[in-house]
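Student: Okay, handing you the structure first.
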Amino acid sequence: MRVAVIGTGYVGLVTGACLAHLGHHVICVDNNPAKIEGLQRGRLPIYEPGLEDLVREGSASGLLQFTTDLRTGIQNSQVVFIAVGTPALPSGDPDLRYVEAVAREIGQQLDEQYRVIVNKSTVPIGSGDWVRMIILDGAAETAKQRLSSPEEGKVEVLSERDPDGELGGVVTQGLRPASASSESCWMPQFDVVSNPEFLREGSAIHDTFNPDRIVVGSESPRAIQIMRELYEPILSRQKGLSGDPVPWVVTDLASAEMIKYAANAFLATKISFINEIANICERTGADVTQVADGIGLDKRIGRAFLNAGLGWGGSCFPKDVAALIQTAADYGYEARLLRATVEVNQQQRQRLVEKLQQALKVLKGKTIGLLGLTFKPNTDDMRDAPSLSLIEHLHKLGAKVKAYDPIVSGSGIREGLAHVVVETDVLRLAQDCDALVLVTEWQEFQSLDYSHLAGLMRRPLLIDARNCLDRQALRQAGMTVLGIGW
Ligand SMILES: NC(=O)c1ccc[n+]([C@@H]2O[C@H](COP(=O)([O-])OP(=O)(O)OC[C@H]3O[C@@H](n4cnc5c(N)ncnc54)[C@H](O)[C@@H]3O)[C@@H](O)[C@H]2O)c1
Ligand SMILES: O=c1ccn([C@@H]2O[C@H](COP(=O)(O)OP(=O)(O)O[C@H]3O[C@H](CO)[C@@H](O)[C@H](O)[C@H]3O)[C@@H](O)[C@H]2O)c(=O)[nH]1
């Protein structure tokens, strides 16, 4: 199948490379010329394990191509993915300007060939119908040039109210030059489908090939059939040890959009829940890790996403929970549970500073070393990383902050890192520190020589803010160890 993917970020590039691996002809489009030029030379704009090999493989086979020209991208494509960013605005609403620009451009390029336009970006509930309208607007603009109108290119958009009211708006029937007969009416052939993405950064390729489910929201049987054919190589795989097929979930557009937000909101709430339990554990003498293991064995609860720590960050949970709260507010509903989820998360970062204050008393003039900067391991993504608020907080209190991160240290990434000295190795980091804080649970932090590090520090204090290290071994290495929830 011929596929275009618009936006070559974490989602678009992974989607494009994986679909090419499955045998589809994929053309990835991005309006950032530097990104596309790099990709054409095999240079990746992001760090994601395994992605470089897939891109190399796709480029070599010719199944994966890159362009800045959206027209070339969608010309022969039957399926067009929209995978551009939807970052949060200060209000909490997602910024839809990139989706809007792409939808309009797609509309401008549509011809008589039927296409499935797939929204993979995370967009608010109801956006599918909105994207359809924008595409039609774009198509109308092109139709002005395409159809020779006696009235200087004036084109009428033929529309009527949705008779059943189910779609809640206007249904466009076609585009026609003003004063032309209804036979000359031209309607671009397309359906908009919502196909939310559930990949996690750091394991994006594994997640794409082994999804827990594939969700497709659409009212069009034709579009659903094409999506099924597209994903057939994944759907026909057996899932994990159970051998069950990957669940294929077909819903209406709005429900698919809501599934994405609800999934992220639930996971974020699960983490905030265990962090709340951790805070109660600290006061009562229980150990949150043992508690998580104990409750996680209950199949109704599950152990995943019960790791207490610094709280959640990244490019998705913060903006998606904020967007859902905002959507609820738009409809006159106050999402109190979700607000509490966010509040607990914010406080969790603050608590870490309090722990340092309790241990070191005055932070002014103290040197704090951060192990890890990215919002989670195996990614270079720094969007809404807990480390950033920690750095700002400590800086305000007059502490000197240093950090070492396996990816960030060796890269040119310095955005948001004005108030931290990024060290190139762990020994330089530990030198003269009053405390080390493990912020991101990178694998390599498991096997550091902590007794050597303790010897380099001014005070051998380590706060394991992800509860991922062996406390006993650390104590034997001469460290004073603190953690979260014990
Ligand atoms: N990052 C994740 O783990 C993840 C997972 C699931 C869903 N999502 C959602 O997927 C969407 C994309 O996220 P991301 O992290 O990949 O974003 P990103 O910022 O990494 O990538 C977006 C890309 O779109 C490009 N772009 C913007 N405007 C364009 C235009 N007009 N034409 C062509 N390209 C354009 C940008 O240059 C950029 O390369 C978001 O809605 C996000 O919420 C992200
Ligand atoms: O038990 C846990 C699990 C995660 N986290 C934190 O939660 C955040 C998010 O982690 P994770 O979900 O693994 O990473 P993301 O790549 O942000 O993936 C989430 O966000 C994506 C974008 O929407 C979705 O596609 C994924 O399904 C969803 O897991 C990170 O800061 C983690 O440190 C915890 O604190 N404790």
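The way I read the labels, and the way they are meant: chains A, B, ... in the order of the structure tokens, residue 1 as the first residue of every chain, and ligand 1 as the first ligand shown, with later ones counted on from there.
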Quick one: everything within 8 Å of A:Gly107, counting only C-alpha atoms, minus sequence neighbours fewer than 3 positions away in the same chain. Send it as an NGL selection string.
Tutor: :A and (103-104 or 110 or 134-140 or 142)
Student: Would you output that residue set with C-alpha atoms, as a PDB file, in the first residue's frame?
Tutor:
```
ATOM      1  CA  ALA A 103      -5.225  19.429   6.802  1.00  0.00           C
ATOM      2  CA  ARG A 104      -5.619  22.542   4.639  1.00  0.00           C
ATOM      3  CA  LEU A 110      -6.662  16.272  -3.255  1.00  0.00           C
ATOM      4  CA  ILE A 134     -10.549  22.107   6.974  1.00  0.00           C
ATOM      5  CA  ILE A 135      -9.644  19.630   4.236  1.00  0.00           C
ATOM      6  CA  LEU A 136     -12.755  20.643   2.340  1.00  0.00           C
ATOM      7  CA  ASP A 137     -11.860  24.320   2.790  1.00  0.00           C
ATOM      8  CA  GLY A 138      -8.436  23.562   1.310  1.00  0.00           C
ATOM      9  CA  ALA A 139     -10.024  21.647  -1.534  1.00  0.00           C
ATOM     10  CA  ALA A 140     -12.356  24.569  -2.207  1.00  0.00           C
ATOM     11  CA  THR A 142      -7.824  24.605  -5.151  1.00  0.00           C
TER      12      THR A 142
END
```
Student: Report as a ChimeraX atom specification all protein, DNA and RNA residues lying within 9 Å of A:Thr15, evaluated on only C-alpha atoms, omitting residues in the same chain fewer than 5 positions from it.
Tutor: /A:5,8,10,20,83,205,208
Student: Residues up to 7 Å from ligand 2, counting only C-alpha atoms and all ligand atoms: could you list those as a PDB file with N, CA and C atoms, in the first residue's frame?
Tutor:
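Written out: pocket.pdb:
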```
ATOM      1  N   GLU A 197      -2.312   6.916  18.630  1.00  0.00           N
ATOM      2  CA  GLU A 197      -1.034   6.219  18.789  1.00  0.00           C
ATOM      3  C   GLU A 197      -0.756   5.982  20.269  1.00  0.00           C
ATOM      4  N   PHE A 198      -0.304   4.762  20.597  1.00  0.00           N
ATOM      5  CA  PHE A 198      -0.054   4.438  22.002  1.00  0.00           C
ATOM      6  C   PHE A 198       1.403   4.098  22.281  1.00  0.00           C
ATOM      7  N   LEU A 199       2.296   4.359  21.317  1.00  0.00           N
ATOM      8  CA  LEU A 199       3.701   3.982  21.531  1.00  0.00           C
ATOM      9  C   LEU A 199       4.302   4.767  22.691  1.00  0.00           C
ATOM     10  N   ARG A 200       5.275   4.151  23.323  1.00  0.00           N
ATOM     11  CA  ARG A 200       6.039   4.843  24.371  1.00  0.00           C
ATOM     12  C   ARG A 200       7.403   5.167  23.821  1.00  0.00           C
ATOM     13  N   GLU A 201       7.908   6.331  24.129  1.00  0.00           N
ATOM     14  CA  GLU A 201       9.260   6.655  23.700  1.00  0.00           C
ATOM     15  C   GLU A 201      10.218   5.703  24.413  1.00  0.00           C
ATOM     16  N   GLY A 202      11.278   5.341  23.711  1.00  0.00           N
ATOM     17  CA  GLY A 202      12.248   4.419  24.295  1.00  0.00           C
ATOM     18  C   GLY A 202      11.952   2.974  23.927  1.00  0.00           C
ATOM     19  N   ASN A 264      -4.224   7.854  28.524  1.00  0.00           N
ATOM     20  CA  ASN A 264      -3.135   8.611  29.145  1.00  0.00           C
ATOM     21  C   ASN A 264      -3.545   9.171  30.503  1.00  0.00           C
ATOM     22  N   ALA A 268      -1.613   8.282  33.973  1.00  0.00           N
ATOM     23  CA  ALA A 268      -1.074   9.374  34.798  1.00  0.00           C
ATOM     24  C   ALA A 268      -1.690   9.324  36.201  1.00  0.00           C
ATOM     25  N   ILE A 271      -0.108   6.625  38.303  1.00  0.00           N
ATOM     26  CA  ILE A 271       1.199   7.031  38.860  1.00  0.00           C
ATOM     27  C   ILE A 271       0.993   7.999  40.028  1.00  0.00           C
ATOM     28  N   ALA A 304       1.975  -2.751  36.516  1.00  0.00           N
ATOM     29  CA  ALA A 304       2.540  -1.723  35.635  1.00  0.00           C
ATOM     30  C   ALA A 304       2.094  -0.321  36.056  1.00  0.00           C
ATOM     31  N   PHE A 305       2.995   0.629  35.886  1.00  0.00           N
ATOM     32  CA  PHE A 305       2.719   2.041  36.200  1.00  0.00           C
ATOM     33  C   PHE A 305       2.417   2.278  37.675  1.00  0.00           C
ATOM     34  N   LEU A 306       3.013   1.425  38.521  1.00  0.00           N
ATOM     35  CA  LEU A 306       2.908   1.657  39.962  1.00  0.00           C
ATOM     36  C   LEU A 306       4.296   1.926  40.539  1.00  0.00           C
ATOM     37  N   ASN A 307       5.184   2.522  39.723  1.00  0.00           N
ATOM     38  CA  ASN A 307       6.506   2.862  40.249  1.00  0.00           C
ATOM     39  C   ASN A 307       6.477   4.288  40.777  1.00  0.00           C
ATOM     40  N   ALA A 308       6.607   4.370  42.100  1.00  0.00           N
ATOM     41  CA  ALA A 308       6.604   5.706  42.712  1.00  0.00           C
ATOM     42  C   ALA A 308       7.920   6.405  42.387  1.00  0.00           C
ATOM     43  N   GLY A 309       7.903   7.709  42.377  1.00  0.00           N
ATOM     44  CA  GLY A 309       9.131   8.443  42.083  1.00  0.00           C
ATOM     45  C   GLY A 309       8.895   9.931  41.999  1.00  0.00           C
ATOM     46  N   LEU A 310       9.549  10.504  41.001  1.00  0.00           N
ATOM     47  CA  LEU A 310       9.492  11.959  40.831  1.00  0.00           C
ATOM     48  C   LEU A 310       8.227  12.406  40.122  1.00  0.00           C
ATOM     49  N   GLY A 311       7.428  11.430  39.669  1.00  0.00           N
ATOM     50  CA  GLY A 311       6.204  11.786  38.958  1.00  0.00           C
ATOM     51  C   GLY A 311       6.385  11.713  37.458  1.00  0.00           C
ATOM     52  N   TRP A 312       5.283  11.959  36.758  1.00  0.00           N
ATOM     53  CA  TRP A 312       5.286  11.815  35.312  1.00  0.00           C
ATOM     54  C   TRP A 312       5.604  13.120  34.595  1.00  0.00           C
ATOM     55  N   GLY A 313       6.274  12.944  33.455  1.00  0.00           N
ATOM     56  CA  GLY A 313       6.575  14.091  32.599  1.00  0.00           C
ATOM     57  C   GLY A 313       6.483  13.642  31.160  1.00  0.00           C
ATOM     58  N   GLY A 314       7.223  14.314  30.291  1.00  0.00           N
ATOM     59  CA  GLY A 314       7.232  13.919  28.885  1.00  0.00           C
ATOM     60  C   GLY A 314       6.322  14.760  28.027  1.00  0.00           C
ATOM     61  N   SER A 315       6.262  14.383  26.768  1.00  0.00           N
ATOM     62  CA  SER A 315       5.527  15.214  25.810  1.00  0.00           C
ATOM     63  C   SER A 315       4.045  14.869  25.771  1.00  0.00           C
ATOM     64  N   CYS A 316       3.633  13.822  26.504  1.00  0.00           N
ATOM     65  CA  CYS A 316       2.239  13.380  26.352  1.00  0.00           C
ATOM     66  C   CYS A 316       1.378  13.549  27.602  1.00  0.00           C
ATOM     67  N   PHE A 317       1.755  12.894  28.701  1.00  0.00           N
ATOM     68  CA  PHE A 317       0.876  12.915  29.873  1.00  0.00           C
ATOM     69  C   PHE A 317       0.512  14.352  30.302  1.00  0.00           C
ATOM     70  N   PHE A 375      13.105  12.732  30.337  1.00  0.00           N
ATOM     71  CA  PHE A 375      11.916  12.463  31.169  1.00  0.00           C
ATOM     72  C   PHE A 375      11.763  10.995  31.494  1.00  0.00           C
ATOM     73  N   LYS A 376      12.460  10.142  30.736  1.00  0.00           N
ATOM     74  CA  LYS A 376      12.498   8.697  31.020  1.00  0.00           C
ATOM     75  C   LYS A 376      13.718   8.154  30.306  1.00  0.00           C
ATOM     76  N   ALA A 385      10.327  17.323  31.216  1.00  0.00           N
ATOM     77  CA  ALA A 385      11.073  16.379  32.056  1.00  0.00           C
ATOM     78  C   ALA A 385      11.072  16.890  33.492  1.00  0.00           C
TER      79      ALA A 385
END
```
Student: Which polymer residues have any atom within 9 Å of an atom of A:Lys355, counting only C-alpha atoms, with same-chain residues fewer than 5 positions away left out, as a ChimeraX atom specification?
Tutor: /A:350,360,463,482
Student: For the atom pair atom CA of A:Glu105 and atom CA of A:Leu39, what is the interatomic distance in Å to one decimal place?
Tutor: 22.5 Å
Student: Please, which residues have at least one atom within 9 Å of an atom of ligand 1, using only C-alpha atoms and all ligand atoms, listed as a PDB file with N, CA and C atoms, in the first residue's frame?
Tutor:
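Contents of result_39.pdb, as written:
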```pdb
ATOM      1  N   VAL A   5       3.240   9.931   5.379  1.00  0.00           N
ATOM      2  CA  VAL A   5       3.187  10.288   6.802  1.00  0.00           C
ATOM      3  C   VAL A   5       3.652  11.741   6.906  1.00  0.00           C
ATOM      4  N   ILE A   6       2.776  12.610   7.372  1.00  0.00           N
ATOM      5  CA  ILE A   6       3.125  14.030   7.473  1.00  0.00           C
ATOM      6  C   ILE A   6       3.587  14.322   8.897  1.00  0.00           C
ATOM      7  N   GLY A   7       4.828  14.762   9.027  1.00  0.00           N
ATOM      8  CA  GLY A   7       5.430  14.991  10.355  1.00  0.00           C
ATOM      9  C   GLY A   7       6.365  13.832  10.665  1.00  0.00           C
ATOM     10  N   THR A   8       7.665  14.132  10.751  1.00  0.00           N
ATOM     11  CA  THR A   8       8.623  13.046  11.025  1.00  0.00           C
ATOM     12  C   THR A   8       9.232  13.226  12.406  1.00  0.00           C
ATOM     13  N   GLY A   9       8.370  13.339  13.404  1.00  0.00           N
ATOM     14  CA  GLY A   9       8.848  13.404  14.792  1.00  0.00           C
ATOM     15  C   GLY A   9       8.866  12.002  15.379  1.00  0.00           C
ATOM     16  N   TYR A  10       8.715  11.916  16.701  1.00  0.00           N
ATOM     17  CA  TYR A  10       8.771  10.630  17.393  1.00  0.00           C
ATOM     18  C   TYR A  10       7.717   9.664  16.828  1.00  0.00           C
ATOM     19  N   VAL A  11       6.523  10.188  16.566  1.00  0.00           N
ATOM     20  CA  VAL A  11       5.451   9.306  16.093  1.00  0.00           C
ATOM     21  C   VAL A  11       5.541   9.069  14.587  1.00  0.00           C
ATOM     22  N   GLY A  12       5.671  10.156  13.816  1.00  0.00           N
ATOM     23  CA  GLY A  12       5.650  10.031  12.356  1.00  0.00           C
ATOM     24  C   GLY A  12       6.796   9.193  11.823  1.00  0.00           C
ATOM     25  N   LEU A  13       7.988   9.428  12.350  1.00  0.00           N
ATOM     26  CA  LEU A  13       9.156   8.707  11.832  1.00  0.00           C
ATOM     27  C   LEU A  13       9.088   7.225  12.194  1.00  0.00           C
ATOM     28  N   VAL A  14       8.672   6.953  13.414  1.00  0.00           N
ATOM     29  CA  VAL A  14       8.544   5.549  13.835  1.00  0.00           C
ATOM     30  C   VAL A  14       7.458   4.856  13.000  1.00  0.00           C
ATOM     31  N   CYS A  28       7.708   9.950   3.871  1.00  0.00           N
ATOM     32  CA  CYS A  28       7.588  10.784   5.070  1.00  0.00           C
ATOM     33  C   CYS A  28       7.800  12.241   4.674  1.00  0.00           C
ATOM     34  N   VAL A  29       6.894  13.097   5.127  1.00  0.00           N
ATOM     35  CA  VAL A  29       6.944  14.513   4.766  1.00  0.00           C
ATOM     36  C   VAL A  29       7.164  15.348   6.024  1.00  0.00           C
ATOM     37  N   ASP A  30       8.071  16.306   5.945  1.00  0.00           N
ATOM     38  CA  ASP A  30       8.226  17.247   7.060  1.00  0.00           C
ATOM     39  C   ASP A  30       8.570  18.605   6.464  1.00  0.00           C
ATOM     40  N   ASN A  31       8.068  19.662   7.115  1.00  0.00           N
ATOM     41  CA  ASN A  31       8.360  20.993   6.570  1.00  0.00           C
ATOM     42  C   ASN A  31       9.656  21.580   7.154  1.00  0.00           C
ATOM     43  N   ASN A  32      10.391  20.743   7.883  1.00  0.00           N
ATOM     44  CA  ASN A  32      11.689  21.172   8.392  1.00  0.00           C
ATOM     45  C   ASN A  32      12.775  20.611   7.442  1.00  0.00           C
ATOM     46  N   PRO A  33      13.323  21.473   6.580  1.00  0.00           N
ATOM     47  CA  PRO A  33      14.247  20.977   5.550  1.00  0.00           C
ATOM     48  C   PRO A  33      15.485  20.303   6.158  1.00  0.00           C
ATOM     49  N   LYS A  35      15.685  18.524   8.869  1.00  0.00           N
ATOM     50  CA  LYS A  35      15.329  17.160   9.280  1.00  0.00           C
ATOM     51  C   LYS A  35      15.304  16.230   8.070  1.00  0.00           C
ATOM     52  N   ILE A  36      14.655  16.699   7.015  1.00  0.00           N
ATOM     53  CA  ILE A  36      14.504  15.846   5.826  1.00  0.00           C
ATOM     54  C   ILE A  36      15.863  15.603   5.160  1.00  0.00           C
ATOM     55  N   PRO A  45      16.823  12.701  13.435  1.00  0.00           N
ATOM     56  CA  PRO A  45      16.655  13.910  14.253  1.00  0.00           C
ATOM     57  C   PRO A  45      16.399  13.593  15.718  1.00  0.00           C
ATOM     58  N   ILE A  46      16.109  12.334  16.029  1.00  0.00           N
ATOM     59  CA  ILE A  46      15.800  11.952  17.414  1.00  0.00           C
ATOM     60  C   ILE A  46      16.542  10.680  17.774  1.00  0.00           C
ATOM     61  N   THR A  68      10.204  17.223   1.613  1.00  0.00           N
ATOM     62  CA  THR A  68       9.572  18.388   2.261  1.00  0.00           C
ATOM     63  C   THR A  68       8.319  18.790   1.486  1.00  0.00           C
ATOM     64  N   ASP A  69       8.103  18.138   0.356  1.00  0.00           N
ATOM     65  CA  ASP A  69       7.014  18.550  -0.524  1.00  0.00           C
ATOM     66  C   ASP A  69       5.765  17.693  -0.289  1.00  0.00           C
ATOM     67  N   LEU A  70       4.793  18.277   0.368  1.00  0.00           N
ATOM     68  CA  LEU A  70       3.584  17.530   0.719  1.00  0.00           C
ATOM     69  C   LEU A  70       2.850  17.023  -0.527  1.00  0.00           C
ATOM     70  N   ILE A  82      -1.613  12.062   9.442  1.00  0.00           N
ATOM     71  CA  ILE A  82      -1.225  13.346  10.025  1.00  0.00           C
ATOM     72  C   ILE A  82      -0.575  13.015  11.372  1.00  0.00           C
ATOM     73  N   ALA A  83       0.720  13.358  11.499  1.00  0.00           N
ATOM     74  CA  ALA A  83       1.451  13.012  12.738  1.00  0.00           C
ATOM     75  C   ALA A  83       2.275  14.208  13.204  1.00  0.00           C
ATOM     76  N   VAL A  84       1.676  15.394  13.112  1.00  0.00           N
ATOM     77  CA  VAL A  84       2.397  16.593  13.562  1.00  0.00           C
ATOM     78  C   VAL A  84       2.103  16.844  15.038  1.00  0.00           C
ATOM     79  N   GLY A  85       2.869  17.717  15.648  1.00  0.00           N
ATOM     80  CA  GLY A  85       2.746  17.962  17.085  1.00  0.00           C
ATOM     81  C   GLY A  85       1.463  18.705  17.449  1.00  0.00           C
ATOM     82  N   THR A  86       1.003  18.474  18.681  1.00  0.00           N
ATOM     83  CA  THR A  86      -0.145  19.212  19.225  1.00  0.00           C
ATOM     84  C   THR A  86       0.230  19.678  20.638  1.00  0.00           C
ATOM     85  N   PRO A  87       1.256  20.541  20.750  1.00  0.00           N
ATOM     86  CA  PRO A  87       1.739  20.934  22.084  1.00  0.00           C
ATOM     87  C   PRO A  87       0.682  21.731  22.855  1.00  0.00           C
ATOM     88  N   PRO A  94      -4.771  21.999  23.487  1.00  0.00           N
ATOM     89  CA  PRO A  94      -3.673  21.717  22.556  1.00  0.00           C
ATOM     90  C   PRO A  94      -3.657  22.734  21.414  1.00  0.00           C
ATOM     91  N   LEU A  96      -3.565  23.483  17.892  1.00  0.00           N
ATOM     92  CA  LEU A  96      -3.922  22.688  16.709  1.00  0.00           C
ATOM     93  C   LEU A  96      -3.461  23.331  15.407  1.00  0.00           C
ATOM     94  N   ARG A  97      -2.587  24.334  15.510  1.00  0.00           N
ATOM     95  CA  ARG A  97      -2.265  25.056  14.278  1.00  0.00           C
ATOM     96  C   ARG A  97      -1.507  24.192  13.265  1.00  0.00           C
ATOM     97  N   TYR A  98      -0.718  23.234  13.764  1.00  0.00           N
ATOM     98  CA  TYR A  98       0.041  22.387  12.819  1.00  0.00           C
ATOM     99  C   TYR A  98      -0.894  21.400  12.114  1.00  0.00           C
ATOM    100  N   VAL A  99      -1.828  20.869  12.881  1.00  0.00           N
ATOM    101  CA  VAL A  99      -2.818  19.952  12.289  1.00  0.00           C
ATOM    102  C   VAL A  99      -3.640  20.711  11.254  1.00  0.00           C
ATOM    103  N   GLU A 100      -4.035  21.923  11.611  1.00  0.00           N
ATOM    104  CA  GLU A 100      -4.868  22.724  10.711  1.00  0.00           C
ATOM    105  C   GLU A 100      -4.121  23.015   9.401  1.00  0.00           C
ATOM    106  N   ALA A 101      -2.843  23.404   9.552  1.00  0.00           N
ATOM    107  CA  ALA A 101      -2.058  23.740   8.352  1.00  0.00           C
ATOM    108  C   ALA A 101      -1.926  22.524   7.440  1.00  0.00           C
ATOM    109  N   VAL A 102      -1.674  21.378   8.040  1.00  0.00           N
ATOM    110  CA  VAL A 102      -1.490  20.160   7.233  1.00  0.00           C
ATOM    111  C   VAL A 102      -2.820  19.753   6.584  1.00  0.00           C
ATOM    112  N   ALA A 103      -3.920  19.819   7.356  1.00  0.00           N
ATOM    113  CA  ALA A 103      -5.225  19.429   6.802  1.00  0.00           C
ATOM    114  C   ALA A 103      -5.573  20.322   5.606  1.00  0.00           C
ATOM    115  N   GLU A 105      -3.503  21.923   3.667  1.00  0.00           N
ATOM    116  CA  GLU A 105      -2.608  21.607   2.549  1.00  0.00           C
ATOM    117  C   GLU A 105      -3.016  20.301   1.866  1.00  0.00           C
ATOM    118  N   ASN A 119      -5.803  10.591  11.257  1.00  0.00           N
ATOM    119  CA  ASN A 119      -5.302  11.469  12.300  1.00  0.00           C
ATOM    120  C   ASN A 119      -4.593  10.650  13.368  1.00  0.00           C
ATOM    121  N   LYS A 120      -3.269  10.740  13.394  1.00  0.00           N
ATOM    122  CA  LYS A 120      -2.501  10.034  14.410  1.00  0.00           C
ATOM    123  C   LYS A 120      -2.056  11.001  15.508  1.00  0.00           C
ATOM    124  N   SER A 121      -2.094  12.282  15.193  1.00  0.00           N
ATOM    125  CA  SER A 121      -1.807  13.269  16.242  1.00  0.00           C
ATOM    126  C   SER A 121      -2.887  13.143  17.309  1.00  0.00           C
ATOM    127  N   THR A 122      -2.513  13.448  18.550  1.00  0.00           N
ATOM    128  CA  THR A 122      -3.507  13.428  19.624  1.00  0.00           C
ATOM    129  C   THR A 122      -4.284  14.743  19.581  1.00  0.00           C
ATOM    130  N   VAL A 123      -5.564  14.643  19.283  1.00  0.00           N
ATOM    131  CA  VAL A 123      -6.377  15.857  19.098  1.00  0.00           C
ATOM    132  C   VAL A 123      -7.652  15.765  19.915  1.00  0.00           C
ATOM    133  N   PRO A 196      -5.510   6.662  16.985  1.00  0.00           N
ATOM    134  CA  PRO A 196      -4.608   7.147  18.026  1.00  0.00           C
ATOM    135  C   PRO A 196      -3.380   6.262  18.202  1.00  0.00           C
ATOM    136  N   GLU A 197      -2.312   6.916  18.630  1.00  0.00           N
ATOM    137  CA  GLU A 197      -1.034   6.219  18.789  1.00  0.00           C
ATOM    138  C   GLU A 197      -0.756   5.982  20.269  1.00  0.00           C
ATOM    139  N   PHE A 198      -0.304   4.762  20.597  1.00  0.00           N
ATOM    140  CA  PHE A 198      -0.054   4.438  22.002  1.00  0.00           C
ATOM    141  C   PHE A 198       1.403   4.098  22.281  1.00  0.00           C
ATOM    142  N   LEU A 199       2.296   4.359  21.317  1.00  0.00           N
ATOM    143  CA  LEU A 199       3.701   3.982  21.531  1.00  0.00           C
ATOM    144  C   LEU A 199       4.302   4.767  22.691  1.00  0.00           C
ATOM    145  N   ARG A 200       5.275   4.151  23.323  1.00  0.00           N
ATOM    146  CA  ARG A 200       6.039   4.843  24.371  1.00  0.00           C
ATOM    147  C   ARG A 200       7.403   5.167  23.821  1.00  0.00           C
ATOM    148  N   GLU A 201       7.908   6.331  24.129  1.00  0.00           N
ATOM    149  CA  GLU A 201       9.260   6.655  23.700  1.00  0.00           C
ATOM    150  C   GLU A 201      10.218   5.703  24.413  1.00  0.00           C
ATOM    151  N   GLY A 202      11.278   5.341  23.711  1.00  0.00           N
ATOM    152  CA  GLY A 202      12.248   4.419  24.295  1.00  0.00           C
ATOM    153  C   GLY A 202      11.952   2.974  23.927  1.00  0.00           C
ATOM    154  N   ALA A 204       9.473   2.506  21.266  1.00  0.00           N
ATOM    155  CA  ALA A 204       8.468   2.854  20.252  1.00  0.00           C
ATOM    156  C   ALA A 204       8.335   1.791  19.166  1.00  0.00           C
ATOM    157  N   LYS A 260      -7.757   7.718  23.414  1.00  0.00           N
ATOM    158  CA  LYS A 260      -6.368   8.184  23.573  1.00  0.00           C
ATOM    159  C   LYS A 260      -6.220   9.010  24.861  1.00  0.00           C
ATOM    160  N   GLY A 314       7.223  14.314  30.291  1.00  0.00           N
ATOM    161  CA  GLY A 314       7.232  13.919  28.885  1.00  0.00           C
ATOM    162  C   GLY A 314       6.322  14.760  28.027  1.00  0.00           C
ATOM    163  N   SER A 315       6.262  14.383  26.768  1.00  0.00           N
ATOM    164  CA  SER A 315       5.527  15.214  25.810  1.00  0.00           C
ATOM    165  C   SER A 315       4.045  14.869  25.771  1.00  0.00           C
ATOM    166  N   CYS A 316       3.633  13.822  26.504  1.00  0.00           N
ATOM    167  CA  CYS A 316       2.239  13.380  26.352  1.00  0.00           C
ATOM    168  C   CYS A 316       1.378  13.549  27.602  1.00  0.00           C
ATOM    169  N   PHE A 317       1.755  12.894  28.701  1.00  0.00           N
ATOM    170  CA  PHE A 317       0.876  12.915  29.873  1.00  0.00           C
ATOM    171  C   PHE A 317       0.512  14.352  30.302  1.00  0.00           C
ATOM    172  N   LYS A 319       0.451  17.242  28.730  1.00  0.00           N
ATOM    173  CA  LYS A 319      -0.409  18.004  27.822  1.00  0.00           C
ATOM    174  C   LYS A 319      -1.757  17.311  27.603  1.00  0.00           C
ATOM    175  N   ASP A 320      -1.759  15.986  27.620  1.00  0.00           N
ATOM    176  CA  ASP A 320      -3.023  15.289  27.348  1.00  0.00           C
ATOM    177  C   ASP A 320      -3.972  15.364  28.546  1.00  0.00           C
ATOM    178  N   ASP A 381      14.279  12.835  24.725  1.00  0.00           N
ATOM    179  CA  ASP A 381      13.202  13.818  24.858  1.00  0.00           C
ATOM    180  C   ASP A 381      13.261  14.510  26.218  1.00  0.00           C
TER     181      ASP A 381
END
```
Student: Counting only C-alpha atoms, what are the residues of stretch 79-146 of chain A within 12 Å of stretch 328-344 of chain A, and for each of them which pair of atoms is the nearest and at what distance in Å, to one decimal? Sort the table by chain and rising number, as JSON lines.
Tutor:
```
{"residue": "A:Ser91", "atom": "CA", "partner": "A:Ala329", "partner_atom": "CA", "distance": 11.2}
{"residue": "A:Gly92", "atom": "CA", "partner": "A:Ala329", "partner_atom": "CA", "distance": 10.7}
{"residue": "A:Asp93", "atom": "CA", "partner": "A:Asp330", "partner_atom": "CA", "distance": 10.1}
{"residue": "A:Pro124", "atom": "CA", "partner": "A:Ala328", "partner_atom": "CA", "distance": 10.6}
{"residue": "A:Ile125", "atom": "CA", "partner": "A:Ala328", "partner_atom": "CA", "distance": 10.4}
```
Student: Please return as a VMD selection string: the residues of stretch 336-434 of chain A that backbone DSSP assigns to helix (DSSP H, G or I).
Tutor: chain A and resid 336 to 360 386 to 396 426 to 430
Student: Can you pull out every residue within 12 Å of stretch 218-227 of chain A, counting only C-alpha atoms, but drop anything in the same chain fewer than 4 positions away, and send it as a PyMOL selection string?
Tutor: chain A and resi 1-3+78-81+114-119+126+128-129+132+166-167+189-196+214+231-235+248-257
Student: Can you work out which one of A:Leu297, A:Val215, A:Leu324, A:Leu394 has the shortest atom-to-atom distance to A:Ala262, counting only C-alpha atoms?
Tutor: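 Ranking A:Leu297, A:Val215, A:Leu324, A:Leu394 by distance to A:Ala262, first place goes to A:Leu324.
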